[in-house]
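This is my_file.txt (compact mmCIF, C-alpha atoms and all ligand atoms).
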# COMPACT_ATOMS: atom_id res chain seq x y z
CA MET A 27 0.00 0.00 0.00
CA ILE A 28 0.91 3.65 -0.26
CA GLU A 29 1.10 5.52 3.05
CA ILE A 30 1.54 9.27 3.21
CA ARG A 31 1.99 11.06 6.51
CA GLY A 32 2.38 14.76 7.21
CA LEU A 33 3.65 15.53 3.72
CA HIS A 34 4.78 19.07 3.00
CA LYS A 35 6.19 20.14 -0.33
CA TYR A 36 7.61 23.51 -1.28
CA PHE A 37 8.82 24.89 -4.58
CA GLY A 38 11.13 27.54 -3.16
CA GLU A 39 8.85 29.81 -1.16
CA LEU A 40 5.71 28.29 -2.62
CA HIS A 41 4.07 25.92 -0.14
CA VAL A 42 2.33 23.49 -2.49
CA LEU A 43 1.40 20.50 -0.29
CA LYS A 44 0.44 21.46 3.24
CA GLY A 45 0.22 18.36 5.37
CA ILE A 46 -1.13 15.47 3.33
CA ASP A 47 -2.17 12.28 5.12
CA LEU A 48 -3.37 9.55 2.82
CA ASP A 49 -3.45 5.76 2.60
CA VAL A 50 -4.11 4.00 -0.67
CA HIS A 51 -4.88 0.36 -0.06
CA ASN A 52 -4.14 -2.51 -2.37
CA GLY A 53 -6.85 -2.89 -4.97
CA GLU A 54 -8.22 0.57 -4.28
CA VAL A 55 -9.04 3.14 -6.94
CA LEU A 56 -8.62 6.68 -5.66
CA SER A 57 -9.66 9.60 -7.82
CA VAL A 58 -8.11 12.98 -7.08
CA ILE A 59 -10.08 16.04 -8.08
CA GLY A 60 -9.60 19.76 -7.49
CA ALA A 61 -8.84 23.04 -9.19
CA SER A 62 -5.79 23.58 -11.32
CA GLY A 63 -2.78 24.47 -9.16
CA SER A 64 -4.09 22.71 -6.04
CA GLY A 65 -1.14 20.29 -5.96
CA LYS A 66 -2.52 17.13 -7.54
CA SER A 67 0.31 16.49 -9.99
CA THR A 68 2.90 17.39 -7.40
CA LEU A 69 1.54 14.69 -5.12
CA LEU A 70 2.04 12.06 -7.84
CA TYR A 71 5.60 13.26 -8.50
CA CYS A 72 6.36 13.05 -4.77
CA ILE A 73 4.98 9.50 -4.62
CA ASN A 74 7.31 8.21 -7.32
CA GLY A 75 10.28 10.19 -6.08
CA LEU A 76 10.48 12.58 -9.02
CA GLU A 77 10.20 15.46 -6.55
CA PRO A 78 11.91 15.75 -3.16
CA ILE A 79 9.76 16.54 -0.14
CA GLN A 80 10.52 18.87 2.74
CA GLN A 81 8.58 17.26 5.56
CA GLY A 82 6.72 14.04 6.25
CA ARG A 83 7.00 10.60 4.80
CA ILE A 84 5.78 8.53 1.88
CA GLU A 85 6.02 4.75 1.99
CA VAL A 86 5.28 2.40 -0.89
CA ASP A 87 4.99 -1.20 0.29
CA GLY A 88 6.95 -0.17 3.38
CA THR A 89 9.78 1.49 1.45
CA ASP A 90 10.44 5.11 2.40
CA VAL A 91 10.49 6.80 -1.01
CA HIS A 92 12.63 9.75 0.04
CA ALA A 93 15.08 7.97 2.33
CA ARG A 94 18.72 8.06 1.34
CA GLY A 95 19.61 4.75 -0.22
CA THR A 96 16.16 3.96 -1.58
CA ASP A 97 16.48 2.35 -5.00
CA LEU A 98 14.30 4.71 -7.03
CA ASN A 99 14.58 2.62 -10.18
CA ALA A 100 13.21 -0.41 -8.38
CA LEU A 101 10.52 1.73 -6.80
CA ARG A 102 9.45 3.25 -10.11
CA GLN A 103 9.02 -0.20 -11.62
CA LYS A 104 6.20 -0.63 -9.14
CA LEU A 105 4.61 2.69 -10.02
CA GLY A 106 3.35 2.96 -13.58
CA MET A 107 2.70 6.53 -14.59
CA VAL A 108 0.57 7.93 -17.40
CA PHE A 109 0.67 11.64 -18.15
CA GLN A 110 -1.64 13.98 -19.99
CA GLN A 111 0.49 13.68 -23.08
CA TRP A 112 2.93 10.96 -23.67
CA ASN A 113 5.59 11.21 -26.29
CA SER A 114 6.27 7.79 -27.66
CA PHE A 115 9.41 7.19 -29.65
CA PRO A 116 8.38 8.13 -33.19
CA HIS A 117 10.93 5.86 -34.86
CA LEU A 118 9.72 2.75 -32.99
CA THR A 119 6.55 0.77 -33.67
CA ALA A 120 3.91 0.37 -30.98
CA LEU A 121 5.34 -3.04 -30.12
CA GLU A 122 8.89 -1.73 -29.97
CA ASN A 123 7.79 1.22 -27.83
CA VAL A 124 6.20 -1.08 -25.28
CA ALA A 125 8.99 -3.68 -25.38
CA LEU A 126 11.74 -1.14 -24.77
CA ALA A 127 11.55 -0.74 -21.00
CA PRO A 128 11.04 -4.44 -20.25
CA ARG A 129 14.19 -5.12 -22.24
CA ILE A 130 16.33 -2.25 -20.95
CA VAL A 131 15.05 -1.80 -17.41
CA ARG A 132 13.78 -5.27 -16.51
CA GLY A 133 16.52 -6.94 -18.53
CA LEU A 134 14.20 -9.39 -20.28
CA PRO A 135 15.51 -11.16 -23.37
CA ARG A 136 14.26 -9.62 -26.61
CA ALA A 137 11.72 -12.35 -27.39
CA GLU A 138 10.26 -12.25 -23.90
CA ALA A 139 10.04 -8.47 -23.95
CA ARG A 140 8.15 -8.66 -27.24
CA GLU A 141 5.78 -11.20 -25.72
CA VAL A 142 5.08 -8.92 -22.76
CA ALA A 143 4.57 -5.98 -25.11
CA GLU A 144 2.19 -7.88 -27.34
CA ARG A 145 0.18 -9.06 -24.33
CA GLN A 146 -0.15 -5.55 -22.96
CA LEU A 147 -1.03 -4.04 -26.34
CA ARG A 148 -3.83 -6.60 -26.64
CA HIS A 149 -4.82 -5.78 -23.07
CA VAL A 150 -5.48 -2.13 -24.00
CA GLY A 151 -7.18 -3.05 -27.27
CA LEU A 152 -4.28 -2.35 -29.60
CA GLY A 153 -3.65 -5.92 -30.65
CA ASP A 154 -4.10 -4.92 -34.29
CA LYS A 155 -1.60 -2.03 -34.07
CA LEU A 156 1.58 -3.86 -33.08
CA ASP A 157 3.60 -2.76 -36.09
CA VAL A 158 2.15 0.71 -36.47
CA TYR A 159 4.19 3.84 -35.78
CA PRO A 160 2.84 6.28 -33.19
CA LYS A 161 2.09 9.03 -35.69
CA ALA A 162 -0.45 6.72 -37.32
CA LEU A 163 -2.34 6.34 -34.03
CA SER A 164 -5.17 8.56 -32.83
CA GLY A 165 -4.74 10.47 -29.56
CA GLY A 166 -6.82 7.90 -27.73
CA GLN A 167 -4.76 5.06 -29.17
CA GLN A 168 -1.55 6.88 -28.20
CA GLN A 169 -2.77 7.17 -24.62
CA ARG A 170 -3.62 3.47 -24.59
CA LEU A 171 -0.12 2.83 -25.93
CA ALA A 172 1.18 4.85 -22.98
CA ILE A 173 -0.87 2.70 -20.61
CA ALA A 174 0.44 -0.48 -22.25
CA ARG A 175 3.97 0.82 -21.88
CA ALA A 176 3.44 1.42 -18.17
CA LEU A 177 1.80 -1.99 -17.72
CA ALA A 178 4.71 -3.73 -19.44
CA MET A 179 6.76 -3.03 -16.32
CA GLU A 180 4.18 -5.08 -14.38
CA PRO A 181 3.63 -2.32 -11.83
CA ARG A 182 1.68 -2.77 -8.60
CA TYR A 183 0.31 0.74 -8.82
CA MET A 184 -0.82 2.96 -11.65
CA LEU A 185 -0.75 6.73 -11.33
CA PHE A 186 -2.74 8.65 -13.92
CA ASP A 187 -2.27 12.40 -14.27
CA GLU A 188 -5.19 13.72 -16.31
CA ALA A 189 -4.68 10.96 -18.84
CA THR A 190 -7.63 12.15 -20.93
CA SER A 191 -7.35 15.94 -20.61
CA ALA A 192 -5.50 16.52 -23.87
CA LEU A 193 -7.83 14.37 -25.95
CA ASP A 194 -10.59 15.36 -28.30
CA PRO A 195 -13.89 14.64 -26.55
CA GLU A 196 -14.76 11.70 -28.79
CA LEU A 197 -11.52 9.92 -27.83
CA VAL A 198 -11.89 10.23 -24.06
CA GLY A 199 -14.21 7.23 -23.68
CA GLU A 200 -11.84 4.59 -25.04
CA VAL A 201 -9.11 5.64 -22.61
CA LEU A 202 -11.50 5.75 -19.65
CA ASP A 203 -12.74 2.29 -20.67
CA THR A 204 -9.17 1.00 -20.51
CA MET A 205 -8.71 2.57 -17.07
CA ARG A 206 -12.00 1.07 -15.97
CA LEU A 207 -10.83 -2.37 -17.15
CA LEU A 208 -7.67 -2.08 -15.05
CA ALA A 209 -9.76 -1.08 -12.05
CA GLU A 210 -11.99 -4.11 -12.54
CA GLU A 211 -8.92 -6.33 -12.71
CA GLY A 212 -7.96 -5.09 -9.26
CA MET A 213 -5.14 -2.67 -10.10
CA THR A 214 -4.39 -0.15 -7.36
CA MET A 215 -4.80 3.25 -8.98
CA ILE A 216 -4.53 6.93 -8.22
CA CYS A 217 -6.31 8.89 -10.93
CA VAL A 218 -6.03 12.65 -11.09
CA THR A 219 -9.00 13.43 -13.28
CA HIS A 220 -11.53 15.98 -14.45
CA GLU A 221 -13.85 13.19 -15.53
CA MET A 222 -16.42 13.25 -12.78
CA GLY A 223 -18.40 10.40 -14.31
CA PHE A 224 -15.32 8.18 -14.09
CA ALA A 225 -14.57 9.37 -10.54
CA ARG A 226 -18.14 8.62 -9.49
CA ASP A 227 -18.52 5.25 -11.20
CA VAL A 228 -15.09 3.67 -10.93
CA SER A 229 -13.41 4.94 -7.74
CA ASP A 230 -13.66 3.53 -4.29
CA ARG A 231 -12.83 6.95 -2.85
CA VAL A 232 -12.47 10.47 -4.15
CA ALA A 233 -10.08 13.04 -2.66
CA PHE A 234 -10.80 16.72 -3.21
CA PHE A 235 -7.67 18.89 -3.21
CA HIS A 236 -7.94 22.53 -2.32
CA GLN A 237 -4.87 24.76 -2.08
CA GLY A 238 -2.52 21.97 -1.08
CA VAL A 239 -4.69 20.10 1.39
CA ILE A 240 -7.10 17.21 1.03
CA GLU A 241 -10.14 19.17 1.99
CA GLU A 242 -12.53 16.27 1.71
CA ILE A 243 -12.18 12.55 1.03
CA GLY A 244 -14.73 9.79 0.93
CA PRO A 245 -16.76 7.43 -1.20
CA PRO A 246 -18.05 8.99 -4.43
CA ALA A 247 -21.64 8.92 -3.21
CA GLU A 248 -20.67 11.26 -0.37
CA ILE A 249 -18.31 13.48 -2.33
CA PHE A 250 -20.76 14.02 -5.16
CA GLY A 251 -24.03 13.44 -3.33
CA ALA A 252 -23.42 15.23 -0.05
CA PRO A 253 -20.31 17.40 -0.23
CA ALA A 254 -19.57 18.95 3.16
CA SER A 255 -17.03 21.58 2.20
CA GLU A 256 -18.09 24.86 0.67
CA HIS A 257 -15.05 24.79 -1.63
CA LEU A 258 -16.02 21.36 -2.92
CA ARG A 259 -19.61 22.46 -3.52
CA LYS A 260 -18.36 25.45 -5.49
CA PHE A 261 -15.90 23.30 -7.45
CA LEU A 262 -18.61 20.81 -8.39
CA ALA A 263 -21.05 23.56 -9.34
CA LYS A 264 -18.45 25.07 -11.67
CA ILE A 265 -17.62 21.91 -13.57
CA ARG A 266 -21.14 20.55 -13.91
P1 LIG A 301 -2.35 20.66 -10.20
O1 LIG A 301 -1.80 19.40 -10.75
O2 LIG A 301 -3.37 20.45 -9.11
O3 LIG A 301 -2.88 21.57 -11.26
P2 LIG A 301 0.39 21.22 -9.57
O4 LIG A 301 0.77 20.15 -8.60
O5 LIG A 301 0.84 21.07 -10.96
O6 LIG A 301 -1.17 21.45 -9.49
O7 LIG A 301 0.96 22.62 -9.07
C1 LIG A 301 0.75 23.09 -7.74
C2 LIG A 301 1.46 24.41 -7.60
O8 LIG A 301 2.87 24.22 -7.69
C3 LIG A 301 1.12 25.43 -8.68
O9 LIG A 301 1.09 26.70 -8.09
C4 LIG A 301 2.25 25.31 -9.64
O10 LIG A 301 2.46 26.51 -10.34
C5 LIG A 301 3.41 25.00 -8.73
N1 LIG A 301 4.46 24.19 -9.37
C6 LIG A 301 4.28 22.97 -9.93
N2 LIG A 301 5.45 22.48 -10.39
C7 LIG A 301 6.40 23.42 -10.12
C8 LIG A 301 7.81 23.48 -10.34
N3 LIG A 301 8.48 22.48 -10.92
N4 LIG A 301 8.44 24.60 -9.93
C9 LIG A 301 7.77 25.60 -9.33
N5 LIG A 301 6.45 25.58 -9.08
C10 LIG A 301 5.76 24.51 -9.46
MG MG A 302 -1.74 18.71 -12.72
Spit out the file's structure as structure tokens when you get a sec.
Amino acid sequence: MIEIRGLHKYFGELHVLKGIDLDVHNGEVLSVIGASGSGKSTLLYCINGLEPIQQGRIEVDGTDVHARGTDLNALRQKLGMVFQQWNSFPHLTALENVALAPRIVRGLPRAEAREVAERQLRHVGLGDKLDVYPKALSGGQQQRLAIARALAMEPRYMLFDEATSALDPELVGEVLDTMRLLAEEGMTMICVTHEMGFARDVSDRVAFFHQGVIEEIGPPAEIFGAPASEHLRKFLAKIR
């Protein structure tokens, strides 16, 4: 599981995360919502050790992410990450893109890496695109390629940072469907998202970020059906 205690994060003078306490249990899907600039992406970067923290502690399966001596490469293999826009290698096919990290980082033999890549491309519905170059894929297909690439590392956790925000509206559904499939398979996921339908239908819990704190957290029925915080009510009114 992921355990976060008393987390504070600054960028210089800017106090971005102001005391975050959060547990994400195995098999749980947590959606993170909140206004732009509230610290959602920063939290994900702190969890996978891309950003240092100034106070508090983050543990992933009992490993202190920010302790000296923590093997960040090993840690990041457990934490698949999908960003808003993912730049695949244009000179590699879909299969080669997905097979790259298993071969280089996990050290799998070429044939085995290709097998893993093929399996994960089928998993995200790109089984017919193995030999296609990224520029021939739609935005939705490219995001599913990004998900396949993350899955090829066989992570225990998937972190999504607005994976559908850069997509044309008609392409959002296929990516959300893939995320939903992973959730149904029991993947532990943290999904920063503006897709309230997804947050409501797929997550076990929803965390509302406001100015660097988790202002409210609970099951979707409570967050969307009976929001307690004024800020959350205003946020929901604005996006509906
Ligand atoms: P969100 O993902 O909720 O939109 P972010 O975590 O990206 O918010 O950003 C939170 C705050 O931290 C914002 O004020 C943003 O400008 C600032 N910030 C984010 N990344 C950096 C950085 N690398 N350097 C300085 N400030 C940053
Ligand atoms: Mg963000």
Enumerate, in order of chain and increasing residue number, the residues of chain A with an atom no farther than 7 Å from ligand LIG 301 (chain A), each with its shortest atom pair and distance in Å to one decimal, counting all atoms listed in the file, as JSON lines.
{"residue": "A:Phe37", "atom": "CA", "partner": "A:LIG301", "partner_atom": "C9", "distance": 4.9}
{"residue": "A:Val42", "atom": "CA", "partner": "A:LIG301", "partner_atom": "C2", "distance": 5.3}
{"residue": "A:Gly60", "atom": "CA", "partner": "A:LIG301", "partner_atom": "O2", "distance": 6.5}
{"residue": "A:Ala61", "atom": "CA", "partner": "A:LIG301", "partner_atom": "O2", "distance": 6.1}
{"residue": "A:Ser62", "atom": "CA", "partner": "A:LIG301", "partner_atom": "O3", "distance": 3.5}
{"residue": "A:Gly63", "atom": "CA", "partner": "A:LIG301", "partner_atom": "O6", "distance": 3.4}
{"residue": "A:Ser64", "atom": "CA", "partner": "A:LIG301", "partner_atom": "O2", "distance": 3.9}
{"residue": "A:Gly65", "atom": "CA", "partner": "A:LIG301", "partner_atom": "O4", "distance": 3.3}
{"residue": "A:Lys66", "atom": "CA", "partner": "A:LIG301", "partner_atom": "O2", "distance": 3.8}
{"residue": "A:Ser67", "atom": "CA", "partner": "A:LIG301", "partner_atom": "O1", "distance": 3.7}
{"residue": "A:Thr68", "atom": "CA", "partner": "A:LIG301", "partner_atom": "O4", "distance": 3.7}
{"residue": "A:Leu69", "atom": "CA", "partner": "A:LIG301", "partner_atom": "O4", "distance": 6.5}
Pick from A:Pro181, A:Pro116, A:Gly75, A:Gly82, whichever lies nearest to Leu33 in chain A using only C-alpha atoms: A:Gly82
Residues within 10 Å of (3.0, 18.0, 7.2), file coords, all atoms listed in the file, listed as an NGL selection string: :A and (30-35 or 43-47 or 80-83 or 239)
Expected file: the selected residues, C-alpha atoms, as an mmCIF file, keeping the file's coordinate frame:
data_model
loop_
_atom_site.group_PDB
_atom_site.id
_atom_site.type_symbol
_atom_site.label_atom_id
_atom_site.label_comp_id
_atom_site.auth_asym_id
_atom_site.auth_seq_id
_atom_site.Cartn_x
_atom_site.Cartn_y
_atom_site.Cartn_z
ATOM 1 C CA ILE A 30 1.540 9.270 3.210
ATOM 2 C CA ARG A 31 1.990 11.060 6.510
ATOM 3 C CA GLY A 32 2.380 14.760 7.210
ATOM 4 C CA LEU A 33 3.650 15.530 3.720
ATOM 5 C CA HIS A 34 4.780 19.070 3.000
ATOM 6 C CA LYS A 35 6.190 20.140 -0.330
ATOM 7 C CA LEU A 43 1.400 20.500 -0.290
ATOM 8 C CA LYS A 44 0.440 21.460 3.240
ATOM 9 C CA GLY A 45 0.220 18.360 5.370
ATOM 10 C CA ILE A 46 -1.130 15.470 3.330
ATOM 11 C CA ASP A 47 -2.170 12.280 5.120
ATOM 12 C CA GLN A 80 10.520 18.870 2.740
ATOM 13 C CA GLN A 81 8.580 17.260 5.560
ATOM 14 C CA GLY A 82 6.720 14.040 6.250
ATOM 15 C CA ARG A 83 7.000 10.600 4.800
ATOM 16 C CA VAL A 239 -4.690 20.100 1.390
#
Point-to-point distance in Å for CA of Gly133 in chain A and CA of Ile28 in chain A: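 Value for the CA of Ile28 in chain A-CA of Gly133 in chain A distance: 26.3 Å.
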Shortest interatomic distance to Ala139 in chain A - which of A:Gln167, A:Leu208, A:Ala178, A:Glu85, counting only C-alpha atoms: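 Closest residue, counting only C-alpha atoms: A:Ala178.
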Size and centre in Å, one decimal, axis-aligned box, all listed range 29-43 of chain A atoms plus 3 Å per side, as lines of an AutoDock Vina configuration file:
center_x = 6.1
center_y = 17.7
center_z = 1.3
size_x = 16.0
size_y = 30.3
size_z = 17.8
Residues within 9 Å of (-15.4, 9.1, -6.8), counting all atoms listed in the file, listed as a PyMOL selection string: chain A and resi 55-59+222-233+244-250
Mind filling out range 241-262 of chain A with N, CA and C atoms and sending it as an mmCIF file, in the frame of the given file?
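The resulting file, result_32.cif, is shown below:
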data_model
loop_
_atom_site.group_PDB
_atom_site.id
_atom_site.type_symbol
_atom_site.label_atom_id
_atom_site.label_comp_id
_atom_site.auth_asym_id
_atom_site.auth_seq_id
_atom_site.Cartn_x
_atom_site.Cartn_y
_atom_site.Cartn_z
ATOM 1 N N GLU A 241 -9.083 18.504 1.224
ATOM 2 C CA GLU A 241 -10.140 19.170 1.990
ATOM 3 C C GLU A 241 -11.273 18.212 2.328
ATOM 4 N N GLU A 242 -11.478 17.236 1.436
ATOM 5 C CA GLU A 242 -12.530 16.270 1.710
ATOM 6 C C GLU A 242 -12.180 14.966 0.995
ATOM 7 N N ILE A 243 -12.444 13.850 1.664
ATOM 8 C CA ILE A 243 -12.180 12.550 1.030
ATOM 9 C C ILE A 243 -13.248 11.578 1.484
ATOM 10 N N GLY A 244 -13.704 10.747 0.560
ATOM 11 C CA GLY A 244 -14.730 9.790 0.930
ATOM 12 C C GLY A 244 -15.218 9.039 -0.289
ATOM 13 N N PRO A 245 -16.187 8.165 -0.073
ATOM 14 C CA PRO A 245 -16.760 7.430 -1.200
ATOM 15 C C PRO A 245 -17.448 8.410 -2.161
ATOM 16 N N PRO A 246 -17.483 8.064 -3.450
ATOM 17 C CA PRO A 246 -18.050 8.990 -4.430
ATOM 18 C C PRO A 246 -19.470 9.434 -4.093
ATOM 19 N N ALA A 247 -20.260 8.541 -3.529
ATOM 20 C CA ALA A 247 -21.640 8.920 -3.210
ATOM 21 C C ALA A 247 -21.669 10.105 -2.258
ATOM 22 N N GLU A 248 -20.715 10.140 -1.318
ATOM 23 C CA GLU A 248 -20.670 11.260 -0.370
ATOM 24 C C GLU A 248 -20.092 12.511 -1.006
ATOM 25 N N ILE A 249 -18.989 12.316 -1.739
ATOM 26 C CA ILE A 249 -18.310 13.480 -2.330
ATOM 27 C C ILE A 249 -19.221 14.195 -3.322
ATOM 28 N N PHE A 250 -19.906 13.405 -4.144
ATOM 29 C CA PHE A 250 -20.760 14.020 -5.160
ATOM 30 C C PHE A 250 -22.192 14.237 -4.678
ATOM 31 N N GLY A 251 -22.636 13.372 -3.761
ATOM 32 C CA GLY A 251 -24.030 13.440 -3.330
ATOM 33 C C GLY A 251 -24.251 14.346 -2.140
ATOM 34 N N ALA A 252 -23.253 14.435 -1.261
ATOM 35 C CA ALA A 252 -23.420 15.230 -0.050
ATOM 36 C C ALA A 252 -22.109 15.900 0.337
ATOM 37 N N PRO A 253 -21.582 16.757 -0.544
ATOM 38 C CA PRO A 253 -20.310 17.400 -0.230
ATOM 39 C C PRO A 253 -20.442 18.306 0.995
ATOM 40 N N ALA A 254 -19.493 18.169 1.921
ATOM 41 C CA ALA A 254 -19.570 18.950 3.160
ATOM 42 C C ALA A 254 -18.904 20.308 2.994
ATOM 43 N N SER A 255 -17.790 20.329 2.252
ATOM 44 C CA SER A 255 -17.030 21.580 2.200
ATOM 45 C C SER A 255 -17.598 22.542 1.177
ATOM 46 N N GLU A 256 -17.609 23.796 1.546
ATOM 47 C CA GLU A 256 -18.090 24.860 0.670
ATOM 48 C C GLU A 256 -17.256 24.918 -0.619
ATOM 49 N N HIS A 257 -15.927 24.753 -0.458
ATOM 50 C CA HIS A 257 -15.050 24.790 -1.630
ATOM 51 C C HIS A 257 -15.386 23.662 -2.595
ATOM 52 N N LEU A 258 -15.669 22.492 -2.060
ATOM 53 C CA LEU A 258 -16.020 21.360 -2.920
ATOM 54 C C LEU A 258 -17.348 21.619 -3.620
ATOM 55 N N ARG A 259 -18.302 22.154 -2.886
ATOM 56 C CA ARG A 259 -19.610 22.460 -3.520
ATOM 57 C C ARG A 259 -19.431 23.439 -4.663
ATOM 58 N N LYS A 260 -18.584 24.455 -4.438
ATOM 59 C CA LYS A 260 -18.360 25.450 -5.490
ATOM 60 C C LYS A 260 -17.641 24.823 -6.686
ATOM 61 N N PHE A 261 -16.646 23.973 -6.381
ATOM 62 C CA PHE A 261 -15.900 23.300 -7.450
ATOM 63 C C PHE A 261 -16.843 22.459 -8.307
ATOM 64 N N LEU A 262 -17.693 21.686 -7.657
ATOM 65 C CA LEU A 262 -18.610 20.810 -8.390
ATOM 66 C C LEU A 262 -19.622 21.617 -9.200
#
